[in-house]
>>> print(open('structure_34.cif').read())   # mmCIF, C-alpha atoms and all ligand atoms
data_input
loop_
_atom_site.label_atom_id
_atom_site.label_comp_id
_atom_site.auth_asym_id
_atom_site.auth_seq_id
_atom_site.Cartn_x
_atom_site.Cartn_y
_atom_site.Cartn_z
CA MET A 1 89.08 100.80 53.83
CA SER A 2 91.02 101.20 50.55
CA ARG A 3 91.42 99.27 47.33
CA ILE A 4 94.89 97.76 47.54
CA LEU A 5 96.83 95.88 44.89
CA SER A 6 100.32 94.46 44.54
CA ALA A 7 102.26 91.69 42.83
CA VAL A 8 105.51 89.74 42.66
CA GLN A 9 107.40 88.25 39.71
CA PRO A 10 107.71 84.45 39.69
CA THR A 11 111.43 84.56 39.04
CA ASN A 12 113.32 82.12 41.24
CA ASN A 13 112.37 81.76 44.86
CA LEU A 14 111.21 84.75 46.83
CA HIS A 15 113.70 86.13 49.35
CA ILE A 16 113.30 87.79 52.73
CA GLY A 17 113.46 91.24 51.04
CA ASN A 18 110.31 90.44 49.05
CA TYR A 19 108.65 89.33 52.27
CA LEU A 20 109.72 92.28 54.45
CA GLY A 21 109.33 94.91 51.73
CA ALA A 22 105.97 93.75 50.41
CA ILE A 23 104.15 90.55 51.39
CA LYS A 24 104.33 91.08 55.17
CA GLN A 25 102.25 94.26 54.73
CA TRP A 26 99.81 92.56 52.38
CA VAL A 27 98.90 89.98 55.00
CA GLU A 28 98.01 92.74 57.47
CA LEU A 29 96.24 94.89 54.87
CA GLN A 30 93.85 92.16 53.73
CA GLU A 31 92.14 92.26 57.14
CA SER A 32 90.44 95.60 56.61
CA ASN A 33 90.74 96.50 52.92
CA GLU A 34 89.71 95.30 49.51
CA THR A 35 92.86 93.51 48.36
CA ILE A 36 94.14 92.06 45.09
CA PHE A 37 97.47 90.21 44.95
CA PHE A 38 98.78 88.45 41.90
CA ILE A 39 101.76 86.84 40.21
CA VAL A 40 103.20 88.79 37.28
CA ASP A 41 104.25 86.01 34.93
CA LEU A 42 104.22 88.30 31.86
CA HIS A 43 106.68 90.64 33.57
CA ALA A 44 108.94 87.69 34.36
CA LEU A 45 109.32 86.97 30.63
CA THR A 46 111.42 90.12 30.20
CA VAL A 47 114.33 87.99 31.40
CA TYR A 48 114.82 84.49 29.97
CA GLN A 49 112.89 81.87 31.93
CA LYS A 50 113.25 78.19 31.21
CA PRO A 51 109.63 77.09 30.55
CA GLU A 52 109.49 74.18 32.98
CA LEU A 53 111.08 76.28 35.71
CA LEU A 54 108.72 79.20 35.09
CA ARG A 55 105.72 76.86 35.38
CA GLN A 56 107.09 75.56 38.66
CA ASN A 57 107.92 79.04 39.97
CA ILE A 58 104.41 80.37 39.28
CA LEU A 59 102.86 77.57 41.32
CA ASP A 60 105.52 77.87 44.02
CA VAL A 61 104.89 81.61 44.43
CA ALA A 62 101.15 80.92 44.73
CA ARG A 63 101.88 78.34 47.45
CA MET A 64 104.22 80.83 49.16
CA TYR A 65 101.53 83.51 49.14
CA LEU A 66 99.18 81.09 50.88
CA ALA A 67 101.79 79.83 53.34
CA LEU A 68 102.74 83.42 54.25
CA GLY A 69 99.13 84.14 55.14
CA LEU A 70 97.31 85.49 52.10
CA ASN A 71 93.75 84.27 52.36
CA PRO A 72 91.64 83.66 49.23
CA ASN A 73 88.51 84.47 51.24
CA LYS A 74 89.89 87.94 51.94
CA SER A 75 91.99 88.68 48.85
CA ILE A 76 91.69 88.03 45.13
CA ILE A 77 94.74 85.93 44.22
CA PHE A 78 95.54 85.15 40.58
CA VAL A 79 98.07 84.96 37.77
CA GLN A 80 98.46 88.04 35.54
CA SER A 81 98.35 86.19 32.18
CA HIS A 82 95.02 84.58 33.13
CA VAL A 83 93.33 87.98 32.91
CA LYS A 84 93.77 89.16 29.33
CA GLU A 85 92.93 92.82 30.00
CA HIS A 86 96.35 93.44 31.60
CA ALA A 87 98.16 93.04 28.27
CA GLU A 88 95.34 94.78 26.40
CA LEU A 89 95.44 97.89 28.59
CA ALA A 90 99.24 97.95 28.49
CA TRP A 91 99.06 98.48 24.73
CA ILE A 92 96.60 101.35 25.08
CA LEU A 93 98.64 103.05 27.81
CA GLY A 94 101.80 102.60 25.74
CA THR A 95 100.36 105.03 23.22
CA ILE A 96 100.43 107.90 25.75
CA VAL A 97 103.72 107.14 27.53
CA LYS A 98 106.82 108.98 26.36
CA MET A 99 110.04 107.15 25.47
CA GLY A 100 112.01 109.52 27.72
CA GLU A 101 109.86 108.59 30.72
CA LEU A 102 110.75 104.93 30.33
CA GLU A 103 114.41 105.69 29.66
CA ARG A 104 114.58 107.39 33.05
CA MET A 105 113.38 104.33 35.01
CA THR A 106 116.21 103.18 37.27
CA GLN A 107 115.14 99.52 37.18
CA PHE A 108 115.47 99.56 33.38
CA LYS A 109 118.91 101.14 33.57
CA ASP A 110 120.04 98.61 36.20
CA LYS A 111 118.75 95.63 34.23
CA ILE A 112 120.44 96.75 31.05
CA GLU A 113 123.65 97.05 33.00
CA SER A 114 123.38 93.66 34.61
CA LEU A 115 122.57 91.97 31.28
CA SER A 116 125.66 93.41 29.66
CA GLU A 117 127.59 92.40 32.75
CA ILE A 118 126.47 88.83 32.15
CA THR A 119 127.84 88.83 28.62
CA GLY A 120 131.06 90.31 29.87
CA GLN A 121 131.41 87.60 32.49
CA ILE A 122 130.43 84.49 30.65
CA LYS A 123 133.38 82.66 32.16
CA ASN A 124 131.98 83.36 35.62
CA LEU A 125 128.65 81.93 34.59
CA GLU A 126 130.09 78.43 34.35
CA MET A 127 131.35 78.90 37.88
CA LEU A 128 128.09 80.32 39.18
CA ILE A 129 126.04 77.51 37.80
CA LYS A 130 128.20 75.04 39.67
CA ASP A 131 127.51 76.85 42.95
CA GLU A 132 125.52 74.31 44.95
CA THR A 133 123.37 76.97 46.63
CA ARG A 134 122.13 78.39 43.35
CA ILE A 135 119.56 75.66 42.96
CA TYR A 136 117.25 77.41 40.51
CA LEU A 137 119.97 77.98 37.97
CA ALA A 138 121.25 74.45 38.05
CA PRO A 139 118.96 73.12 35.30
CA VAL A 140 120.05 75.92 32.95
CA THR A 141 123.43 75.31 31.38
CA ALA A 142 125.85 78.09 30.54
CA GLN A 143 125.49 77.11 26.89
CA GLU A 144 121.72 77.59 27.04
CA ILE A 145 122.12 81.08 28.49
CA LEU A 146 124.77 81.93 25.92
CA ASP A 147 122.57 80.71 23.07
CA TYR A 148 119.71 82.72 24.44
CA ILE A 149 121.70 85.92 24.75
CA LYS A 150 122.99 85.46 21.19
CA LYS A 151 119.48 84.85 19.89
CA ARG A 152 117.66 87.58 21.75
CA GLY A 153 120.30 90.23 22.28
CA HIS A 154 121.12 91.90 25.57
CA SER A 155 117.97 93.86 25.84
CA ASN A 156 114.39 93.51 24.67
CA VAL A 157 111.41 95.79 24.16
CA GLY A 158 109.56 94.13 27.05
CA LEU A 159 112.24 95.21 29.49
CA PHE A 160 111.76 98.77 28.28
CA THR A 161 107.94 98.78 28.41
CA TYR A 162 107.83 96.82 31.69
CA PRO A 163 106.52 99.86 33.67
CA VAL A 164 103.64 100.32 31.20
CA LEU A 165 102.37 96.79 31.90
CA MET A 166 102.77 97.52 35.61
CA ALA A 167 100.69 100.70 35.20
CA ALA A 168 98.00 98.62 33.43
CA ASP A 169 98.05 96.13 36.34
CA ILE A 170 97.36 98.93 38.79
CA LEU A 171 94.92 101.09 36.82
CA LEU A 172 92.69 98.20 35.72
CA TYR A 173 91.26 97.80 39.22
CA ASP A 174 90.82 101.43 40.39
CA THR A 175 93.63 100.81 42.87
CA GLU A 176 94.08 103.43 45.60
CA ARG A 177 97.22 102.16 47.33
CA VAL A 178 100.12 99.99 46.16
CA PRO A 179 102.24 98.39 48.94
CA VAL A 180 105.72 97.81 47.46
CA GLY A 181 109.39 98.02 48.39
CA GLU A 182 111.34 101.22 47.82
CA ASP A 183 112.65 100.05 44.41
CA GLN A 184 109.14 100.07 42.90
CA LYS A 185 108.19 103.57 44.03
CA GLN A 186 109.33 105.16 40.77
CA HIS A 187 107.08 102.81 38.78
CA VAL A 188 104.05 103.72 40.89
CA GLU A 189 104.85 107.41 40.42
CA LEU A 190 104.96 106.90 36.66
CA THR A 191 101.59 105.13 36.93
CA ARG A 192 100.18 108.23 38.63
CA ASP A 193 101.44 110.43 35.78
CA ILE A 194 99.93 108.08 33.19
CA ALA A 195 96.54 108.06 34.96
CA GLU A 196 96.45 111.85 35.23
CA ARG A 197 97.50 112.30 31.61
CA PHE A 198 94.86 109.85 30.38
CA ASN A 199 92.09 111.48 32.41
CA LYS A 200 93.09 114.92 31.13
CA LEU A 201 93.42 113.80 27.52
CA TYR A 202 89.97 112.23 27.41
CA GLY A 203 88.33 114.75 29.72
CA LYS A 204 86.94 112.14 32.12
CA VAL A 205 88.06 110.57 35.36
CA VAL A 206 88.51 107.06 33.98
CA PHE A 207 91.43 106.10 36.20
CA THR A 208 91.94 106.42 39.94
CA VAL A 209 95.35 107.94 40.71
CA PRO A 210 97.16 105.43 43.01
CA GLU A 211 99.49 106.15 45.95
CA PRO A 212 102.63 104.08 46.65
CA MET A 213 102.73 102.59 50.15
CA ILE A 214 106.26 102.04 51.41
CA SER A 215 106.78 100.50 54.84
CA GLN A 216 108.82 102.31 57.48
CA SER A 217 111.44 99.62 57.82
CA GLY A 218 112.22 96.65 55.60
CA ALA A 219 111.38 98.60 52.43
CA ARG A 220 114.94 98.22 51.24
CA VAL A 221 116.66 95.10 52.54
CA MET A 222 120.28 95.17 51.39
CA GLY A 223 122.44 92.34 50.05
CA LEU A 224 124.22 90.26 52.71
CA ASP A 225 127.38 90.26 50.61
CA ASP A 226 127.17 93.95 49.70
CA PRO A 227 125.15 96.29 51.92
CA ALA A 228 125.43 99.05 49.30
CA LYS A 229 123.06 97.21 46.92
CA LYS A 230 119.55 95.89 47.51
CA MET A 231 118.99 92.19 48.12
CA SER A 232 118.06 90.74 44.75
CA LYS A 233 116.79 87.44 43.34
CA SER A 234 119.04 87.92 40.35
CA ALA A 235 122.21 88.68 42.33
CA ALA A 236 125.36 87.01 41.05
CA SER A 237 125.98 85.17 44.32
CA ALA A 238 123.53 83.15 46.43
CA TYR A 239 125.28 84.71 49.44
CA ASN A 240 123.48 87.96 48.57
CA TYR A 241 120.08 86.81 49.79
CA ILE A 242 118.17 84.45 52.08
CA SER A 243 115.58 82.59 50.04
CA LEU A 244 112.32 81.71 51.77
CA LEU A 245 113.14 78.09 50.90
CA ASP A 246 116.70 78.04 52.26
CA ASP A 247 117.26 75.28 54.81
CA VAL A 248 118.63 75.73 58.33
CA ALA A 249 122.26 74.96 57.42
CA THR A 250 122.22 77.28 54.39
CA VAL A 251 120.84 80.16 56.46
CA LYS A 252 123.54 79.65 59.09
CA LYS A 253 126.24 79.53 56.42
CA LYS A 254 124.95 82.67 54.66
CA ILE A 255 124.61 84.68 57.87
CA LYS A 256 128.07 83.57 59.01
CA LYS A 257 129.49 84.84 55.71
CA ALA A 258 127.47 88.09 55.73
CA VAL A 259 129.60 91.22 55.47
CA THR A 260 129.97 93.28 58.70
CA ASP A 261 131.34 96.75 59.39
CA SER A 262 134.76 97.37 60.89
CA GLY A 263 135.00 97.17 64.67
CA ALA A 264 133.29 94.56 66.81
CA GLU A 265 130.34 96.46 68.27
CA VAL A 266 126.77 95.41 67.49
CA LEU A 267 125.60 98.91 66.61
CA GLY A 268 123.58 100.24 63.69
CA GLY A 269 123.40 103.76 62.27
CA ALA A 270 123.98 105.36 58.90
CA SER A 271 127.75 104.94 59.06
CA ARG A 272 127.41 101.19 59.65
CA PRO A 273 125.38 99.95 56.64
CA ALA A 274 126.09 96.24 57.08
CA LEU A 275 125.10 96.08 60.76
CA ASN A 276 122.21 98.41 60.13
CA ASN A 277 120.84 95.98 57.56
CA LEU A 278 121.39 92.89 59.74
CA LEU A 279 119.83 94.62 62.75
CA THR A 280 116.79 95.64 60.68
CA ILE A 281 116.31 92.07 59.46
CA TYR A 282 116.78 90.67 62.98
CA SER A 283 114.33 93.20 64.38
CA LEU A 284 111.62 92.42 61.81
CA PHE A 285 111.90 88.67 62.35
CA SER A 286 112.03 88.83 66.14
CA ASP A 287 109.68 91.72 66.91
CA LYS A 288 112.43 93.23 69.08
CA SER A 289 113.40 96.83 68.35
CA VAL A 290 116.85 97.64 66.95
CA THR A 291 117.67 99.46 70.21
CA ALA A 292 116.65 96.42 72.25
CA LEU A 293 118.87 94.21 70.10
CA GLU A 294 121.81 96.62 70.44
CA LYS A 295 121.38 96.41 74.22
CA GLU A 296 121.01 92.62 74.21
CA PHE A 297 124.30 92.23 72.30
CA ALA A 298 126.26 95.04 73.99
CA GLY A 299 129.71 93.71 74.87
CA LYS A 300 129.16 90.51 72.91
CA GLY A 301 130.71 90.03 69.48
CA TYR A 302 129.45 89.51 65.95
CA VAL A 303 129.47 85.73 66.40
CA ASP A 304 126.80 85.75 69.12
CA PHE A 305 124.80 88.32 67.21
CA LYS A 306 124.91 86.31 63.99
CA ASN A 307 123.91 83.13 65.81
CA GLY A 308 120.90 84.92 67.26
CA LEU A 309 119.98 86.33 63.86
CA ALA A 310 120.28 82.93 62.13
CA ASP A 311 118.09 81.35 64.85
CA ALA A 312 115.40 84.03 64.45
CA LEU A 313 115.40 83.59 60.68
CA ASN A 314 115.31 79.81 60.92
CA ALA A 315 112.42 79.84 63.40
CA PHE A 316 110.37 81.86 60.91
CA LEU A 317 111.49 79.93 57.83
CA GLU A 318 110.94 76.48 59.33
CA ALA A 319 107.35 77.30 60.28
CA PHE A 320 106.76 78.86 56.86
CA GLN A 321 108.27 75.93 54.95
CA GLU A 322 106.17 73.42 56.83
CA LYS A 323 103.04 75.25 55.70
CA PHE A 324 104.40 75.68 52.17
CA HIS A 325 105.05 71.95 51.73
CA ALA A 326 101.60 71.08 53.05
CA ILE A 327 99.88 73.10 50.30
CA LYS A 328 99.24 70.95 47.26
CA GLU A 329 99.71 72.28 43.74
CA SER A 330 96.15 71.31 42.88
CA GLU A 331 94.89 73.45 45.77
CA ALA A 332 96.93 76.42 44.51
CA ARG A 333 95.63 75.91 40.96
CA ASP A 334 92.00 75.96 42.17
CA ILE A 335 92.55 79.17 44.14
CA LEU A 336 94.25 80.81 41.13
CA ALA A 337 91.40 79.81 38.79
CA ASP A 338 88.81 81.23 41.15
CA GLY A 339 90.88 84.42 41.58
CA ALA A 340 91.25 84.86 37.81
CA ALA A 341 87.48 84.56 37.35
CA ARG A 342 86.83 87.18 40.04
CA ALA A 343 89.50 89.56 38.67
CA SER A 344 88.23 89.11 35.08
CA THR A 345 84.73 90.27 36.01
CA ARG A 346 86.19 93.54 37.26
CA SER A 347 88.76 94.02 34.53
CA ALA A 348 86.19 93.44 31.75
CA LEU A 349 83.96 96.16 33.20
CA LYS A 350 86.87 98.58 33.46
CA MET A 351 88.04 97.78 29.95
CA ALA A 352 84.58 98.58 28.58
CA GLN A 353 84.76 102.01 30.26
CA ILE A 354 88.22 102.64 28.84
CA LYS A 355 87.22 101.65 25.31
CA GLU A 356 84.19 103.88 25.52
CA ALA A 357 86.32 106.82 26.67
CA ILE A 358 88.86 106.53 23.86
CA GLY A 359 86.48 105.84 21.00
CA LEU A 360 86.92 102.13 20.28
CA ILE A 361 83.71 100.48 19.12
P1 LIG B 401 109.55 92.06 42.33
O1 LIG B 401 109.10 90.69 42.01
O2 LIG B 401 110.90 92.49 41.85
O3 LIG B 401 109.54 92.32 43.87
C1 LIG B 401 108.39 92.06 44.61
C2 LIG B 401 108.27 93.01 45.79
O4 LIG B 401 109.40 92.88 46.65
C3 LIG B 401 109.97 94.17 46.86
N1 LIG B 401 111.43 93.99 47.01
C4 LIG B 401 112.12 94.40 48.08
N2 LIG B 401 111.73 95.00 49.22
C5 LIG B 401 112.69 95.28 50.14
N3 LIG B 401 113.99 94.98 49.95
C6 LIG B 401 114.43 94.38 48.83
N4 LIG B 401 115.71 94.08 48.69
C7 LIG B 401 113.47 94.06 47.82
N5 LIG B 401 113.53 93.45 46.61
C8 LIG B 401 112.28 93.43 46.13
C9 LIG B 401 109.62 94.97 45.62
O5 LIG B 401 109.68 96.35 45.86
C10 LIG B 401 108.22 94.48 45.33
O6 LIG B 401 107.27 95.18 46.11
N6 LIG B 401 107.46 95.39 39.30
C11 LIG B 401 107.18 94.61 40.48
C12 LIG B 401 106.04 93.65 40.29
C13 LIG B 401 104.76 94.26 39.80
C14 LIG B 401 103.88 95.04 40.59
C15 LIG B 401 102.76 95.34 39.72
C16 LIG B 401 103.90 95.51 41.90
C17 LIG B 401 104.21 94.12 38.58
N7 LIG B 401 103.01 94.75 38.53
C18 LIG B 401 101.71 96.09 40.18
C19 LIG B 401 102.83 96.28 42.35
C20 LIG B 401 101.73 96.57 41.49
C21 LIG B 401 108.43 93.82 40.81
O7 LIG B 401 109.35 93.81 40.05
O8 LIG B 401 108.41 93.11 41.88
#
>>> encode(input="structure_34.cif", output="structure tokens", more="lines below")
Ligand code: TYM
Amino acid sequence: MSRILSAVQPTNNLHIGNYLGAIKQWVELQESNETIFFIVDLHALTVYQKPELLRQNILDVARMYLALGLNPNKSIIFVQSHVKEHAELAWILGTIVKMGELERMTQFKDKIESLSEITGQIKNLEMLIKDETRIYLAPVTAQEILDYIKKRGHSNVGLFTYPVLMAADILLYDTERVPVGEDQKQHVELTRDIAERFNKLYGKVVFTVPEPMISQSGARVMGLDDPAKKMSKSAASAYNYISLLDDVATVKKKIKKAVTDSGAEVLGGASRPALNNLLTIYSLFSDKSVTALEKEFAGKGYVDFKNGLADALNAFLEAFQEKFHAIKESEARDILADGAARASTRSALKMAQIKEAIGLI
């Protein structure tokens, strides 16, 4: 029995990487642990979000959590901005974090790069927005994005201090373990350093030092169009990822287009990154081992393999989407309000301890 906490940003629809890398574990963990899962809307603001889409995405992610199996009777489920202590603690922690520590965060470096890429490729934006599969971007015009970039610049302070808010999220609840995908490990390690530094500085064990929990497989699902990069919600092409809300035809189309390795054998291994990724995904959605799948498709080509993979994905997604659509927004709102009340009771107590330790009256 451990205290477990994790979260997802409500940016666009979740993809199968978010599910395999994080949420799948959460559903299992809530059975025998104390679990807290939330939606980090304040983190999402570090990249421009159109207000009406953000509102929709927050509620959609809550409905996805429920449809994927998170249970409000077993887990506390809420929205980050509904519990004011997250932002409050982030400020306090920011006073003991070094600039250099944040400069070293790979997610920060990647985001800065991709933002400047956007400005460099504004022509492509027009094209991307017209891509029928990129549904979430459709209501944002290229002009709106351009105006935004001009107004706000390529980078913002929030993007830089993002890991400090994440540390506050974790430390506020005496979290012991944080189940996340590989890309978030560095942030959890920074959180450990911050907790230890704070405890040492004030001579008291105020914060529990958390451990990252990375699953054996599925912790780094790669892009379908580029197996050298992780699958990402903010990828330039919708052919990079499978969204949890993609329909049957879209999944088939995306899998058909997915990059493969040279040759025609259905075999994984380190030298075959594309097949390795597809086999891992297939295995996690079918409960067959990679070796069993390699045997099943021995002597058959990529076409048969891809058809099997698309069918396995669609079987999971169709069942999920049916549940998702059956959950009303009002039901999600009630669960989030109850979760925020339960989380606030804990965070207020913790905040009082922190203020006492540092000398605030
Ligand atoms: P976010 O929203 O980017 O991603 C949510 C979760 O999905 C995992 N993930 C992946 N796993 C495998 N393969 C991929 N391609 C892939 N892409 C994403 C992420 O590792 C993550 O577990 N900073 C966090 C949100 C956060 C948080 C927290 C997490 C804020 N506060 C406190 C834990 C505890 C993030 O950006 O998640």
>>> closest_residue(input="structure_34.cif", among="A:Asn57, A:Asn13, A:Ser283, A:Gln353", to="Tyr202 of chain A", atoms="only C-alpha atoms")
A:Gln353
>>> closest_residue(input="structure_34.cif", among="A:Thr175, A:Thr106, A:Ser32, A:Thr191", to="Leu159 of chain A", atoms="only C-alpha atoms")
A:Thr106
>>> atom_distance(input="structure_34.cif", atom1="atom CA of Glu318 of chain A", atom2="atom CA of Leu244 of chain A")
9.3 Å
>>> residues_near_ligand(input="structure_34.cif", ligand="ligand LIG 401 (chain B)", cutoff="9 Å", atoms="all atoms listed in the file", output="JSON, numbers by chain")
{"A": [5, 6, 7, 8, 9, 10, 11, 14, 15, 16, 17, 18, 19, 20, 21, 22, 23, 37, 38, 39, 40, 41, 42, 43, 44, 80, 107, 162, 163, 165, 166, 167, 168, 169, 170, 178, 179, 180, 181, 182, 183, 184, 185, 187, 188, 212, 214, 217, 218, 219, 220, 221, 222, 223, 229, 230, 231, 232, 233, 241]}
>>> write_last_selection(input="structure_34.cif", atoms="C-alpha atoms", output="PDB file, in the frame of the given file")
ATOM      1  CA  LEU A   5      96.830  95.880  44.890  1.00  0.00           C
ATOM      2  CA  SER A   6     100.320  94.460  44.540  1.00  0.00           C
ATOM      3  CA  ALA A   7     102.260  91.690  42.830  1.00  0.00           C
ATOM      4  CA  VAL A   8     105.510  89.740  42.660  1.00  0.00           C
ATOM      5  CA  GLN A   9     107.400  88.250  39.710  1.00  0.00           C
ATOM      6  CA  PRO A  10     107.710  84.450  39.690  1.00  0.00           C
ATOM      7  CA  THR A  11     111.430  84.560  39.040  1.00  0.00           C
ATOM      8  CA  LEU A  14     111.210  84.750  46.830  1.00  0.00           C
ATOM      9  CA  HIS A  15     113.700  86.130  49.350  1.00  0.00           C
ATOM     10  CA  ILE A  16     113.300  87.790  52.730  1.00  0.00           C
ATOM     11  CA  GLY A  17     113.460  91.240  51.040  1.00  0.00           C
ATOM     12  CA  ASN A  18     110.310  90.440  49.050  1.00  0.00           C
ATOM     13  CA  TYR A  19     108.650  89.330  52.270  1.00  0.00           C
ATOM     14  CA  LEU A  20     109.720  92.280  54.450  1.00  0.00           C
ATOM     15  CA  GLY A  21     109.330  94.910  51.730  1.00  0.00           C
ATOM     16  CA  ALA A  22     105.970  93.750  50.410  1.00  0.00           C
ATOM     17  CA  ILE A  23     104.150  90.550  51.390  1.00  0.00           C
ATOM     18  CA  PHE A  37      97.470  90.210  44.950  1.00  0.00           C
ATOM     19  CA  PHE A  38      98.780  88.450  41.900  1.00  0.00           C
ATOM     20  CA  ILE A  39     101.760  86.840  40.210  1.00  0.00           C
ATOM     21  CA  VAL A  40     103.200  88.790  37.280  1.00  0.00           C
ATOM     22  CA  ASP A  41     104.250  86.010  34.930  1.00  0.00           C
ATOM     23  CA  LEU A  42     104.220  88.300  31.860  1.00  0.00           C
ATOM     24  CA  HIS A  43     106.680  90.640  33.570  1.00  0.00           C
ATOM     25  CA  ALA A  44     108.940  87.690  34.360  1.00  0.00           C
ATOM     26  CA  GLN A  80      98.460  88.040  35.540  1.00  0.00           C
ATOM     27  CA  GLN A 107     115.140  99.520  37.180  1.00  0.00           C
ATOM     28  CA  TYR A 162     107.830  96.820  31.690  1.00  0.00           C
ATOM     29  CA  PRO A 163     106.520  99.860  33.670  1.00  0.00           C
ATOM     30  CA  LEU A 165     102.370  96.790  31.900  1.00  0.00           C
ATOM     31  CA  MET A 166     102.770  97.520  35.610  1.00  0.00           C
ATOM     32  CA  ALA A 167     100.690 100.700  35.200  1.00  0.00           C
ATOM     33  CA  ALA A 168      98.000  98.620  33.430  1.00  0.00           C
ATOM     34  CA  ASP A 169      98.050  96.130  36.340  1.00  0.00           C
ATOM     35  CA  ILE A 170      97.360  98.930  38.790  1.00  0.00           C
ATOM     36  CA  VAL A 178     100.120  99.990  46.160  1.00  0.00           C
ATOM     37  CA  PRO A 179     102.240  98.390  48.940  1.00  0.00           C
ATOM     38  CA  VAL A 180     105.720  97.810  47.460  1.00  0.00           C
ATOM     39  CA  GLY A 181     109.390  98.020  48.390  1.00  0.00           C
ATOM     40  CA  GLU A 182     111.340 101.220  47.820  1.00  0.00           C
ATOM     41  CA  ASP A 183     112.650 100.050  44.410  1.00  0.00           C
ATOM     42  CA  GLN A 184     109.140 100.070  42.900  1.00  0.00           C
ATOM     43  CA  LYS A 185     108.190 103.570  44.030  1.00  0.00           C
ATOM     44  CA  HIS A 187     107.080 102.810  38.780  1.00  0.00           C
ATOM     45  CA  VAL A 188     104.050 103.720  40.890  1.00  0.00           C
ATOM     46  CA  PRO A 212     102.630 104.080  46.650  1.00  0.00           C
ATOM     47  CA  ILE A 214     106.260 102.040  51.410  1.00  0.00           C
ATOM     48  CA  SER A 217     111.440  99.620  57.820  1.00  0.00           C
ATOM     49  CA  GLY A 218     112.220  96.650  55.600  1.00  0.00           C
ATOM     50  CA  ALA A 219     111.380  98.600  52.430  1.00  0.00           C
ATOM     51  CA  ARG A 220     114.940  98.220  51.240  1.00  0.00           C
ATOM     52  CA  VAL A 221     116.660  95.100  52.540  1.00  0.00           C
ATOM     53  CA  MET A 222     120.280  95.170  51.390  1.00  0.00           C
ATOM     54  CA  GLY A 223     122.440  92.340  50.050  1.00  0.00           C
ATOM     55  CA  LYS A 229     123.060  97.210  46.920  1.00  0.00           C
ATOM     56  CA  LYS A 230     119.550  95.890  47.510  1.00  0.00           C
ATOM     57  CA  MET A 231     118.990  92.190  48.120  1.00  0.00           C
ATOM     58  CA  SER A 232     118.060  90.740  44.750  1.00  0.00           C
ATOM     59  CA  LYS A 233     116.790  87.440  43.340  1.00  0.00           C
ATOM     60  CA  TYR A 241     120.080  86.810  49.790  1.00  0.00           C
TER      61      TYR A 241
END
>>> atom_distance(input="structure_34.cif", atom1="atom CA of Ala258 of chain A", atom2="atom CA of Asp225 of chain A")
5.6 Å
>>> closest_atom_pairs(input="structure_34.cif", of="segment 7-87 of chain A", to="segment 328-342 of chain A", cutoff="7 Å", atoms="only C-alpha atoms", output="JSON lines")
{"residue": "A:Leu59", "atom": "CA", "partner": "A:Glu329", "partner_atom": "CA", "distance": 6.6}
{"residue": "A:Ala62", "atom": "CA", "partner": "A:Ala332", "partner_atom": "CA", "distance": 6.2}
{"residue": "A:Arg63", "atom": "CA", "partner": "A:Ala332", "partner_atom": "CA", "distance": 6.1}
{"residue": "A:Pro72", "atom": "CA", "partner": "A:Ile335", "partner_atom": "CA", "distance": 6.8}
{"residue": "A:Ile76", "atom": "CA", "partner": "A:Gly339", "partner_atom": "CA", "distance": 5.1}
{"residue": "A:Ile77", "atom": "CA", "partner": "A:Gly339", "partner_atom": "CA", "distance": 4.9}
{"residue": "A:Phe78", "atom": "CA", "partner": "A:Leu336", "partner_atom": "CA", "distance": 4.6}
{"residue": "A:Val79", "atom": "CA", "partner": "A:Leu336", "partner_atom": "CA", "distance": 6.6}
{"residue": "A:His82", "atom": "CA", "partner": "A:Ala340", "partner_atom": "CA", "distance": 6.0}
{"residue": "A:Val83", "atom": "CA", "partner": "A:Ala340", "partner_atom": "CA", "distance": 6.2}
>>> closest_residue(input="structure_34.cif", among="A:Thr280, A:Arg177, A:Glu88, A:Ala228", to="Gln216 of chain A", atoms="all atoms listed in the file")
A:Thr280
>>> atom_distance(input="structure_34.cif", atom1="atom CA of Tyr173 of chain A", atom2="atom CA of Thr208 of chain A")
8.7 Å
>>> residues_around(input="structure_34.cif", residues="Ala310 of chain A", least_positions_apart="3", cutoff="12 Å", atoms="all atoms listed in the file", output="short mmCIF file (atom, residue, chain, number, x, y, z; two decimals) with C-alpha atoms, in the frame of the given file")
data_model
loop_
_atom_site.label_atom_id
_atom_site.label_comp_id
_atom_site.auth_asym_id
_atom_site.auth_seq_id
_atom_site.Cartn_x
_atom_site.Cartn_y
_atom_site.Cartn_z
CA ILE A 242 118.17 84.45 52.08
CA ASP A 246 116.70 78.04 52.26
CA ASP A 247 117.26 75.28 54.81
CA VAL A 248 118.63 75.73 58.33
CA ALA A 249 122.26 74.96 57.42
CA THR A 250 122.22 77.28 54.39
CA VAL A 251 120.84 80.16 56.46
CA LYS A 252 123.54 79.65 59.09
CA LYS A 253 126.24 79.53 56.42
CA LYS A 254 124.95 82.67 54.66
CA ILE A 255 124.61 84.68 57.87
CA LYS A 256 128.07 83.57 59.01
CA LYS A 257 129.49 84.84 55.71
CA ALA A 258 127.47 88.09 55.73
CA LEU A 278 121.39 92.89 59.74
CA LEU A 279 119.83 94.62 62.75
CA ILE A 281 116.31 92.07 59.46
CA TYR A 282 116.78 90.67 62.98
CA PHE A 285 111.90 88.67 62.35
CA SER A 286 112.03 88.83 66.14
CA TYR A 302 129.45 89.51 65.95
CA VAL A 303 129.47 85.73 66.40
CA ASP A 304 126.80 85.75 69.12
CA PHE A 305 124.80 88.32 67.21
CA LYS A 306 124.91 86.31 63.99
CA ASN A 307 123.91 83.13 65.81
CA LEU A 313 115.40 83.59 60.68
CA ASN A 314 115.31 79.81 60.92
CA ALA A 315 112.42 79.84 63.40
CA PHE A 316 110.37 81.86 60.91
CA LEU A 317 111.49 79.93 57.83
CA GLU A 318 110.94 76.48 59.33
#
